[in-house]
$ cat model.txt   # compact mmCIF, N, CA and C atoms
# COMPACT_ATOMS: atom_id res chain seq x y z
N MET K 1 -10.11 13.93 17.65
CA MET K 1 -9.11 14.10 16.61
C MET K 1 -8.35 12.78 16.43
N ALA K 2 -8.21 12.35 15.20
CA ALA K 2 -7.52 11.09 14.90
C ALA K 2 -6.02 11.24 15.14
N ALA K 3 -5.42 10.18 15.61
CA ALA K 3 -3.97 10.16 15.81
C ALA K 3 -3.28 10.19 14.45
N THR K 4 -2.14 10.86 14.36
CA THR K 4 -1.40 10.92 13.11
C THR K 4 -0.13 10.10 13.23
N PHE K 5 0.40 9.73 12.09
CA PHE K 5 1.61 8.93 12.01
C PHE K 5 2.77 9.86 11.67
N ASP K 6 3.81 9.84 12.47
CA ASP K 6 4.97 10.71 12.29
C ASP K 6 5.98 10.01 11.38
N PHE K 7 5.78 10.16 10.05
CA PHE K 7 6.65 9.47 9.11
C PHE K 7 8.11 9.90 9.21
N PRO K 8 8.44 11.18 9.37
CA PRO K 8 9.86 11.53 9.51
C PRO K 8 10.53 10.82 10.70
N ALA K 9 9.83 10.70 11.81
CA ALA K 9 10.39 9.99 12.98
C ALA K 9 10.52 8.49 12.69
N PHE K 10 9.51 7.92 12.00
CA PHE K 10 9.58 6.52 11.61
C PHE K 10 10.79 6.28 10.71
N LYS K 11 10.99 7.16 9.72
CA LYS K 11 12.10 7.02 8.79
C LYS K 11 13.44 7.07 9.53
N ARG K 12 13.57 7.99 10.48
CA ARG K 12 14.81 8.07 11.27
C ARG K 12 15.06 6.78 12.04
N ALA K 13 14.04 6.27 12.72
CA ALA K 13 14.19 5.04 13.50
C ALA K 13 14.49 3.85 12.60
N PHE K 14 13.81 3.78 11.47
CA PHE K 14 13.99 2.70 10.50
C PHE K 14 15.41 2.69 9.96
N GLU K 15 15.87 3.84 9.46
CA GLU K 15 17.19 3.90 8.86
C GLU K 15 18.31 3.72 9.88
N ALA K 16 18.08 4.16 11.13
CA ALA K 16 19.07 3.98 12.19
C ALA K 16 18.99 2.59 12.80
N GLN K 17 17.91 1.86 12.50
CA GLN K 17 17.64 0.54 13.08
C GLN K 17 17.62 0.61 14.61
N ASP K 18 16.99 1.68 15.10
CA ASP K 18 16.79 1.88 16.54
C ASP K 18 15.55 1.08 16.93
N VAL K 19 15.78 -0.12 17.42
CA VAL K 19 14.69 -1.08 17.64
C VAL K 19 13.58 -0.50 18.51
N GLU K 20 13.92 0.09 19.64
CA GLU K 20 12.88 0.59 20.55
C GLU K 20 12.08 1.73 19.93
N ALA K 21 12.76 2.65 19.25
CA ALA K 21 12.05 3.75 18.59
C ALA K 21 11.20 3.22 17.44
N TRP K 22 11.76 2.28 16.65
CA TRP K 22 11.07 1.68 15.52
C TRP K 22 9.81 0.96 15.97
N LEU K 23 9.93 0.23 17.06
CA LEU K 23 8.82 -0.59 17.57
C LEU K 23 7.62 0.25 18.00
N THR K 24 7.85 1.49 18.46
CA THR K 24 6.74 2.32 18.94
C THR K 24 5.73 2.63 17.84
N PHE K 25 6.10 2.44 16.58
CA PHE K 25 5.20 2.76 15.48
C PHE K 25 4.21 1.63 15.18
N PHE K 26 4.39 0.47 15.78
CA PHE K 26 3.53 -0.69 15.53
C PHE K 26 2.44 -0.81 16.58
N ALA K 27 1.22 -1.11 16.14
CA ALA K 27 0.12 -1.40 17.06
C ALA K 27 0.43 -2.70 17.81
N PRO K 28 -0.14 -2.89 19.01
CA PRO K 28 0.14 -4.11 19.77
C PRO K 28 -0.15 -5.41 19.01
N ASP K 29 -1.17 -5.40 18.15
CA ASP K 29 -1.55 -6.61 17.41
C ASP K 29 -1.20 -6.51 15.92
N ALA K 30 -0.21 -5.70 15.59
CA ALA K 30 0.18 -5.49 14.19
C ALA K 30 0.57 -6.79 13.50
N GLU K 31 0.37 -6.80 12.20
CA GLU K 31 0.75 -7.94 11.36
C GLU K 31 1.76 -7.46 10.33
N TRP K 32 2.82 -8.23 10.13
CA TRP K 32 3.87 -7.90 9.16
C TRP K 32 3.96 -9.07 8.20
N ARG K 33 3.65 -8.82 6.92
CA ARG K 33 3.71 -9.85 5.88
C ARG K 33 4.86 -9.56 4.94
N GLU K 34 5.66 -10.58 4.67
CA GLU K 34 6.79 -10.44 3.76
C GLU K 34 6.66 -11.46 2.63
N TYR K 35 6.77 -10.97 1.41
CA TYR K 35 6.81 -11.81 0.22
C TYR K 35 8.22 -11.69 -0.34
N ARG K 36 8.91 -12.82 -0.42
CA ARG K 36 10.30 -12.84 -0.87
C ARG K 36 10.60 -14.20 -1.47
N PRO K 37 11.81 -14.41 -1.97
CA PRO K 37 12.10 -15.68 -2.64
C PRO K 37 11.78 -16.92 -1.80
N ASP K 38 12.05 -16.86 -0.50
CA ASP K 38 11.77 -18.03 0.33
C ASP K 38 10.39 -17.97 1.01
N ALA K 39 9.60 -16.96 0.67
CA ALA K 39 8.25 -16.81 1.22
C ALA K 39 7.34 -16.26 0.11
N PRO K 40 6.99 -17.13 -0.85
CA PRO K 40 6.19 -16.69 -2.01
C PRO K 40 4.74 -16.37 -1.61
N PRO K 41 3.96 -15.85 -2.55
CA PRO K 41 2.57 -15.48 -2.25
C PRO K 41 1.74 -16.59 -1.59
N ARG K 42 2.00 -17.84 -1.94
CA ARG K 42 1.21 -18.92 -1.33
C ARG K 42 1.60 -19.19 0.13
N SER K 43 2.77 -18.66 0.53
CA SER K 43 3.26 -18.93 1.88
C SER K 43 4.14 -17.78 2.39
N PRO K 44 3.54 -16.59 2.58
CA PRO K 44 4.35 -15.45 3.03
C PRO K 44 4.85 -15.64 4.46
N LYS K 45 5.89 -14.91 4.80
CA LYS K 45 6.37 -14.88 6.18
C LYS K 45 5.47 -13.89 6.91
N ILE K 46 4.82 -14.34 7.96
CA ILE K 46 3.89 -13.50 8.71
C ILE K 46 4.35 -13.43 10.16
N THR K 47 4.49 -12.21 10.64
CA THR K 47 4.86 -11.95 12.04
C THR K 47 3.71 -11.16 12.64
N VAL K 48 3.21 -11.60 13.78
CA VAL K 48 2.05 -10.96 14.39
C VAL K 48 2.35 -10.58 15.83
N GLY K 49 2.00 -9.35 16.18
CA GLY K 49 2.13 -8.87 17.55
C GLY K 49 3.44 -8.14 17.79
N ARG K 50 3.36 -7.14 18.66
CA ARG K 50 4.50 -6.26 18.90
C ARG K 50 5.72 -7.02 19.42
N GLU K 51 5.56 -8.00 20.27
CA GLU K 51 6.73 -8.72 20.80
C GLU K 51 7.41 -9.56 19.73
N ALA K 52 6.63 -10.19 18.88
CA ALA K 52 7.21 -10.95 17.77
C ALA K 52 7.90 -9.98 16.79
N ILE K 53 7.29 -8.82 16.59
CA ILE K 53 7.91 -7.82 15.73
C ILE K 53 9.19 -7.29 16.36
N ARG K 54 9.21 -7.10 17.67
CA ARG K 54 10.45 -6.69 18.36
C ARG K 54 11.58 -7.68 18.05
N ALA K 55 11.29 -8.96 18.13
CA ALA K 55 12.31 -9.98 17.84
C ALA K 55 12.79 -9.85 16.39
N ARG K 56 11.88 -9.60 15.47
CA ARG K 56 12.24 -9.44 14.06
C ARG K 56 13.11 -8.20 13.86
N LEU K 57 12.74 -7.09 14.47
CA LEU K 57 13.52 -5.86 14.35
C LEU K 57 14.91 -6.01 14.97
N THR K 58 14.98 -6.71 16.09
CA THR K 58 16.27 -6.96 16.75
C THR K 58 17.16 -7.79 15.84
N TYR K 59 16.59 -8.79 15.21
CA TYR K 59 17.34 -9.61 14.25
C TYR K 59 17.87 -8.75 13.11
N ILE K 60 17.01 -7.91 12.53
CA ILE K 60 17.40 -7.04 11.43
C ILE K 60 18.52 -6.11 11.86
N ALA K 61 18.38 -5.51 13.03
CA ALA K 61 19.38 -4.56 13.52
C ALA K 61 20.74 -5.23 13.73
N GLY K 62 20.76 -6.54 13.96
CA GLY K 62 22.01 -7.25 14.18
C GLY K 62 22.69 -7.74 12.91
N LEU K 63 22.10 -7.50 11.76
CA LEU K 63 22.64 -8.02 10.50
C LEU K 63 23.81 -7.21 9.93
N GLY K 64 23.99 -5.99 10.39
CA GLY K 64 25.05 -5.16 9.84
C GLY K 64 24.72 -4.61 8.46
N ILE K 65 23.44 -4.41 8.18
CA ILE K 65 23.01 -3.90 6.88
C ILE K 65 22.78 -2.39 6.97
N LYS K 66 22.69 -1.77 5.81
CA LYS K 66 22.28 -0.37 5.71
C LYS K 66 20.95 -0.36 4.99
N GLN K 67 20.02 0.47 5.45
CA GLN K 67 18.72 0.59 4.79
C GLN K 67 18.37 2.06 4.62
N ALA K 68 17.83 2.37 3.46
CA ALA K 68 17.46 3.74 3.14
C ALA K 68 16.09 3.77 2.47
N ILE K 69 15.20 4.59 3.00
CA ILE K 69 13.85 4.75 2.45
C ILE K 69 13.88 5.81 1.35
N SER K 70 13.08 5.55 0.30
CA SER K 70 12.91 6.52 -0.78
C SER K 70 11.50 6.42 -1.34
N ASP K 71 11.15 7.35 -2.18
CA ASP K 71 9.89 7.32 -2.94
C ASP K 71 8.64 7.16 -2.08
N GLU K 72 8.63 7.79 -0.92
CA GLU K 72 7.47 7.63 -0.05
C GLU K 72 6.25 8.38 -0.57
N VAL K 73 5.09 7.77 -0.37
CA VAL K 73 3.79 8.35 -0.69
C VAL K 73 2.98 8.23 0.60
N ILE K 74 2.58 9.37 1.15
CA ILE K 74 1.99 9.38 2.48
C ILE K 74 0.53 9.79 2.42
N GLY K 75 -0.32 8.89 2.92
CA GLY K 75 -1.74 9.17 3.03
C GLY K 75 -2.17 9.06 4.48
N GLU K 76 -3.43 9.30 4.74
CA GLU K 76 -3.92 9.24 6.12
C GLU K 76 -4.03 7.81 6.63
N GLU K 77 -4.38 6.87 5.76
CA GLU K 77 -4.59 5.49 6.19
C GLU K 77 -3.53 4.54 5.67
N ARG K 78 -2.74 4.98 4.68
CA ARG K 78 -1.70 4.12 4.10
C ARG K 78 -0.49 4.95 3.75
N ILE K 79 0.66 4.32 3.86
CA ILE K 79 1.92 4.92 3.44
C ILE K 79 2.64 3.86 2.61
N ALA K 80 3.18 4.28 1.48
CA ALA K 80 3.95 3.37 0.64
C ALA K 80 5.34 3.95 0.46
N PHE K 81 6.33 3.07 0.37
CA PHE K 81 7.69 3.52 0.13
C PHE K 81 8.53 2.36 -0.37
N ALA K 82 9.67 2.72 -0.94
CA ALA K 82 10.67 1.73 -1.33
C ALA K 82 11.82 1.86 -0.36
N PHE K 83 12.56 0.77 -0.18
CA PHE K 83 13.81 0.93 0.53
C PHE K 83 14.84 -0.02 -0.03
N LEU K 84 16.05 0.49 -0.01
CA LEU K 84 17.19 -0.25 -0.51
C LEU K 84 18.01 -0.73 0.67
N VAL K 85 18.32 -2.01 0.66
CA VAL K 85 19.18 -2.61 1.68
C VAL K 85 20.52 -2.92 1.04
N THR K 86 21.58 -2.51 1.70
CA THR K 86 22.92 -2.88 1.27
C THR K 86 23.45 -3.87 2.31
N MET K 87 23.73 -5.08 1.83
CA MET K 87 24.21 -6.14 2.71
C MET K 87 25.71 -5.95 2.99
N PRO K 88 26.22 -6.55 4.06
CA PRO K 88 27.65 -6.41 4.37
C PRO K 88 28.58 -6.82 3.23
N ASP K 89 28.13 -7.76 2.39
CA ASP K 89 28.98 -8.21 1.27
C ASP K 89 28.83 -7.32 0.02
N GLY K 90 28.02 -6.26 0.12
CA GLY K 90 27.83 -5.34 -0.99
C GLY K 90 26.65 -5.67 -1.88
N SER K 91 26.02 -6.82 -1.70
CA SER K 91 24.83 -7.15 -2.49
C SER K 91 23.65 -6.30 -2.01
N HIS K 92 22.60 -6.27 -2.83
CA HIS K 92 21.45 -5.43 -2.52
C HIS K 92 20.14 -6.20 -2.49
N LEU K 93 19.22 -5.61 -1.82
CA LEU K 93 17.85 -6.09 -1.72
C LEU K 93 17.00 -4.83 -1.81
N ILE K 94 15.96 -4.87 -2.61
CA ILE K 94 15.03 -3.74 -2.67
C ILE K 94 13.66 -4.24 -2.25
N GLU K 95 12.96 -3.39 -1.51
CA GLU K 95 11.63 -3.75 -1.05
C GLU K 95 10.67 -2.61 -1.33
N HIS K 96 9.44 -3.00 -1.60
CA HIS K 96 8.35 -2.04 -1.68
C HIS K 96 7.41 -2.39 -0.54
N VAL K 97 7.02 -1.37 0.19
CA VAL K 97 6.27 -1.56 1.43
C VAL K 97 5.00 -0.73 1.40
N ILE K 98 3.94 -1.31 1.94
CA ILE K 98 2.71 -0.56 2.21
C ILE K 98 2.42 -0.72 3.70
N LEU K 99 2.29 0.41 4.38
CA LEU K 99 1.88 0.42 5.77
C LEU K 99 0.40 0.76 5.82
N HIS K 100 -0.36 -0.07 6.50
CA HIS K 100 -1.78 0.19 6.72
C HIS K 100 -1.89 0.72 8.15
N LEU K 101 -2.45 1.91 8.30
CA LEU K 101 -2.46 2.59 9.60
C LEU K 101 -3.83 2.53 10.26
N ALA K 102 -3.81 2.49 11.58
CA ALA K 102 -5.02 2.60 12.40
C ALA K 102 -4.63 3.32 13.68
N ASP K 103 -5.35 4.38 13.99
CA ASP K 103 -5.09 5.16 15.20
C ASP K 103 -3.63 5.61 15.30
N GLY K 104 -3.03 5.97 14.17
CA GLY K 104 -1.67 6.48 14.17
C GLY K 104 -0.58 5.45 14.32
N LYS K 105 -0.93 4.17 14.23
CA LYS K 105 0.05 3.08 14.36
C LYS K 105 -0.03 2.17 13.14
N ILE K 106 1.03 1.40 12.93
CA ILE K 106 1.03 0.42 11.85
C ILE K 106 0.20 -0.78 12.30
N ALA K 107 -0.90 -1.02 11.59
CA ALA K 107 -1.75 -2.17 11.87
C ALA K 107 -1.30 -3.37 11.03
N ARG K 108 -0.82 -3.05 9.80
CA ARG K 108 -0.35 -4.11 8.92
C ARG K 108 0.75 -3.54 8.03
N GLN K 109 1.82 -4.29 7.89
CA GLN K 109 2.92 -3.93 7.00
C GLN K 109 3.05 -5.05 5.99
N VAL K 110 3.04 -4.68 4.70
CA VAL K 110 3.15 -5.66 3.63
C VAL K 110 4.37 -5.29 2.77
N GLU K 111 5.26 -6.26 2.58
CA GLU K 111 6.50 -6.02 1.84
C GLU K 111 6.65 -7.04 0.71
N VAL K 112 7.18 -6.56 -0.41
CA VAL K 112 7.58 -7.43 -1.51
C VAL K 112 9.06 -7.15 -1.76
N GLU K 113 9.87 -8.21 -1.76
CA GLU K 113 11.32 -8.08 -1.85
C GLU K 113 11.87 -8.67 -3.14
N ALA K 114 12.93 -8.04 -3.63
CA ALA K 114 13.72 -8.58 -4.75
C ALA K 114 15.18 -8.55 -4.32
N TRP K 115 15.90 -9.63 -4.58
CA TRP K 115 17.28 -9.79 -4.10
C TRP K 115 18.26 -9.91 -5.26
N ASP K 116 19.50 -9.45 -5.01
CA ASP K 116 20.60 -9.69 -5.96
C ASP K 116 20.83 -11.17 -6.07
$ encode --input "model.txt" --output "structure tokens"
Amino acid sequence: MAATFDFPAFKRAFEAQDVEAWLTFFAPDAEWREYRPDAPPRSPKITVGREAIRARLTYIAGLGIKQAISDEVIGEERIAFAFLVTMPDGSHLIEHVILHLADGKIARQVEVEAWD
């Protein structure tokens, strides 16, 4: 039986920015690609491996931001969703994310960001 991805638990960890709970959803060799104003398609920000991702999640959790997931579409091998970030100064960032799953874990996360 194939492992399944617990999206409700992922959403709780993500929105609470619970680094240890959030990290459990990533495969040991997961890749996280971010496309944003300072990391365009020709040069995305790429984070590889669970320990590097832990550092990224810890950084995010320390920013004092609020994040909320919406519009999720859940499949067996991919999950897509939007999330809105509210920065401490009240500005916003919106992201669209695709999670590529393998054995019930995130093998690759791809994000496209738009900023205020």
$ atom_distance --input "model.txt" --atom1 "atom N of Gly49 in chain K" --atom2 "atom C of Val97 in chain K"
17.4 Å
$ residues_around --input "model.txt" --residues "Phe14 in chain K" --least-positions-apart "4" --cutoff "10 Å" --atoms "only C-alpha atoms" --output "PyMOL selection string"
chain K and resi 8-10+18-19+21-23+57+61+67-69
$ atom_distance --input "model.txt" --atom1 "CA of Ala13 in chain K" --atom2 "atom N of Ile79 in chain K"
16.6 Å
$ residues_around --input "model.txt" --residues "Lys66 in chain K" --least-positions-apart "3" --cutoff "6.5 Å" --atoms "only N, CA and C atoms" --output "list in words"
Leu84, Val85, Thr86, Met87 and Pro88 of chain K
$ residues_around --input "model.txt" --residues "Leu99 in chain K" --least-positions-apart "3" --cutoff "6 Å" --atoms "all atoms listed in the file" --output "list in words"
Glu77, Arg78, Ile79, Ala80, Arg108, Gln109 and Val110 of chain K
$ write_last_selection --input "model.txt" --atoms "N, CA and C atoms" --output "tab-separated table (two decimals), in the coordinates of the input"
chain	number	residue	atom	x	y	z
K	77	GLU	N	-4.38	6.87	5.76
K	77	GLU	CA	-4.59	5.49	6.19
K	77	GLU	C	-3.53	4.54	5.67
K	78	ARG	N	-2.74	4.98	4.68
K	78	ARG	CA	-1.70	4.12	4.10
K	78	ARG	C	-0.49	4.95	3.75
K	79	ILE	N	0.66	4.32	3.86
K	79	ILE	CA	1.92	4.92	3.44
K	79	ILE	C	2.64	3.86	2.61
K	80	ALA	N	3.18	4.28	1.48
K	80	ALA	CA	3.95	3.37	0.64
K	80	ALA	C	5.34	3.95	0.46
K	108	ARG	N	-0.82	-3.05	9.80
K	108	ARG	CA	-0.35	-4.11	8.92
K	108	ARG	C	0.75	-3.54	8.03
K	109	GLN	N	1.82	-4.29	7.89
K	109	GLN	CA	2.92	-3.93	7.00
K	109	GLN	C	3.05	-5.05	5.99
K	110	VAL	N	3.04	-4.68	4.70
K	110	VAL	CA	3.15	-5.66	3.63
K	110	VAL	C	4.37	-5.29	2.77
$ residues_around --input "model.txt" --residues "range 89-91 of chain K" --least-positions-apart "5" --cutoff "12 Å" --atoms "only C-alpha atoms" --output "PyMOL selection string"
chain K and resi 63-66+84+114-116
$ closest_residue --input "model.txt" --among "K:Glu15, K:Glu113, K:Glu72, K:Glu51" --to "Ala27 in chain K" --atoms "all atoms listed in the file"
K:Glu51
$ residues_around --input "model.txt" --residues "Tyr35 in chain K" --least-positions-apart "6" --cutoff "9 Å" --atoms "only C-alpha atoms" --output "list in words"
Pro41, Ser43, Pro44, Lys45, Val110, Glu111, Val112 and Glu113 of chain K
$ atom_distance --input "model.txt" --atom1 "CA of Gly104 in chain K" --atom2 "CA of Lys11 in chain K"
14.8 Å
$ closest_residue --input "model.txt" --among "K:Glu95, K:Asp38, K:Glu76, K:Asp6" --to "Thr24 in chain K" --atoms "only C-alpha atoms"
K:Asp6
$ closest_residue --input "model.txt" --among "K:Pro40, K:Gln17, K:Thr47, K:Lys105" --to "Gly62 in chain K" --atoms "only N, CA and C atoms"
K:Gln17
$ select_by_dssp --input "model.txt" --residues "chain K" --states "alpha helix (DSSP H)" --output "JSON list (two decimals) with N, CA and C atoms, in the coordinates of the input"
[["chain", "number", "residue", "atom", "x", "y", "z"],
["K", 7, "PHE", "N", 5.78, 10.16, 10.05],
["K", 7, "PHE", "CA", 6.65, 9.47, 9.11],
["K", 7, "PHE", "C", 8.11, 9.90, 9.21],
["K", 8, "PRO", "N", 8.44, 11.18, 9.37],
["K", 8, "PRO", "CA", 9.86, 11.53, 9.51],
["K", 8, "PRO", "C", 10.53, 10.82, 10.70],
["K", 9, "ALA", "N", 9.83, 10.70, 11.81],
["K", 9, "ALA", "CA", 10.39, 9.99, 12.98],
["K", 9, "ALA", "C", 10.52, 8.49, 12.69],
["K", 10, "PHE", "N", 9.51, 7.92, 12.00],
["K", 10, "PHE", "CA", 9.58, 6.52, 11.61],
["K", 10, "PHE", "C", 10.79, 6.28, 10.71],
["K", 11, "LYS", "N", 10.99, 7.16, 9.72],
["K", 11, "LYS", "CA", 12.10, 7.02, 8.79],
["K", 11, "LYS", "C", 13.44, 7.07, 9.53],
["K", 12, "ARG", "N", 13.57, 7.99, 10.48],
["K", 12, "ARG", "CA", 14.81, 8.07, 11.27],
["K", 12, "ARG", "C", 15.06, 6.78, 12.04],
["K", 13, "ALA", "N", 14.04, 6.27, 12.72],
["K", 13, "ALA", "CA", 14.19, 5.04, 13.50],
["K", 13, "ALA", "C", 14.49, 3.85, 12.60],
["K", 14, "PHE", "N", 13.81, 3.78, 11.47],
["K", 14, "PHE", "CA", 13.99, 2.70, 10.50],
["K", 14, "PHE", "C", 15.41, 2.69, 9.96],
["K", 15, "GLU", "N", 15.87, 3.84, 9.46],
["K", 15, "GLU", "CA", 17.19, 3.90, 8.86],
["K", 15, "GLU", "C", 18.31, 3.72, 9.88],
["K", 16, "ALA", "N", 18.08, 4.16, 11.13],
["K", 16, "ALA", "CA", 19.07, 3.98, 12.19],
["K", 16, "ALA", "C", 18.99, 2.59, 12.80],
["K", 19, "VAL", "N", 15.78, -0.12, 17.42],
["K", 19, "VAL", "CA", 14.69, -1.08, 17.64],
["K", 19, "VAL", "C", 13.58, -0.50, 18.51],
["K", 20, "GLU", "N", 13.92, 0.09, 19.64],
["K", 20, "GLU", "CA", 12.88, 0.59, 20.55],
["K", 20, "GLU", "C", 12.08, 1.73, 19.93],
["K", 21, "ALA", "N", 12.76, 2.65, 19.25],
["K", 21, "ALA", "CA", 12.05, 3.75, 18.59],
["K", 21, "ALA", "C", 11.20, 3.22, 17.44],
["K", 22, "TRP", "N", 11.76, 2.28, 16.65],
["K", 22, "TRP", "CA", 11.07, 1.68, 15.52],
["K", 22, "TRP", "C", 9.81, 0.96, 15.97],
["K", 23, "LEU", "N", 9.93, 0.23, 17.06],
["K", 23, "LEU", "CA", 8.82, -0.59, 17.57],
["K", 23, "LEU", "C", 7.62, 0.25, 18.00],
["K", 50, "ARG", "N", 3.36, -7.14, 18.66],
["K", 50, "ARG", "CA", 4.50, -6.26, 18.90],
["K", 50, "ARG", "C", 5.72, -7.02, 19.42],
["K", 51, "GLU", "N", 5.56, -8.00, 20.27],
["K", 51, "GLU", "CA", 6.73, -8.72, 20.80],
["K", 51, "GLU", "C", 7.41, -9.56, 19.73],
["K", 52, "ALA", "N", 6.63, -10.19, 18.88],
["K", 52, "ALA", "CA", 7.21, -10.95, 17.77],
["K", 52, "ALA", "C", 7.90, -9.98, 16.79],
["K", 53, "ILE", "N", 7.29, -8.82, 16.59],
["K", 53, "ILE", "CA", 7.91, -7.82, 15.73],
["K", 53, "ILE", "C", 9.19, -7.29, 16.36],
["K", 54, "ARG", "N", 9.21, -7.10, 17.67],
["K", 54, "ARG", "CA", 10.45, -6.69, 18.36],
["K", 54, "ARG", "C", 11.58, -7.68, 18.05],
["K", 55, "ALA", "N", 11.29, -8.96, 18.13],
["K", 55, "ALA", "CA", 12.31, -9.98, 17.84],
["K", 55, "ALA", "C", 12.79, -9.85, 16.39],
["K", 56, "ARG", "N", 11.88, -9.60, 15.47],
["K", 56, "ARG", "CA", 12.24, -9.44, 14.06],
["K", 56, "ARG", "C", 13.11, -8.20, 13.86],
["K", 57, "LEU", "N", 12.74, -7.09, 14.47],
["K", 57, "LEU", "CA", 13.52, -5.86, 14.35],
["K", 57, "LEU", "C", 14.91, -6.01, 14.97],
["K", 58, "THR", "N", 14.98, -6.71, 16.09],
["K", 58, "THR", "CA", 16.27, -6.96, 16.75],
["K", 58, "THR", "C", 17.16, -7.79, 15.84],
["K", 59, "TYR", "N", 16.59, -8.79, 15.21],
["K", 59, "TYR", "CA", 17.34, -9.61, 14.25],
["K", 59, "TYR", "C", 17.87, -8.75, 13.11],
["K", 60, "ILE", "N", 17.01, -7.91, 12.53],
["K", 60, "ILE", "CA", 17.40, -7.04, 11.43],
["K", 60, "ILE", "C", 18.52, -6.11, 11.86],
["K", 61, "ALA", "N", 18.38, -5.51, 13.03],
["K", 61, "ALA", "CA", 19.38, -4.56, 13.52],
["K", 61, "ALA", "C", 20.74, -5.23, 13.73]]
$ closest_residue --input "model.txt" --among "K:Ile53, K:Ala102, K:Leu93, K:Ala39" --to "Glu20 in chain K" --atoms "only C-alpha atoms"
K:Ile53
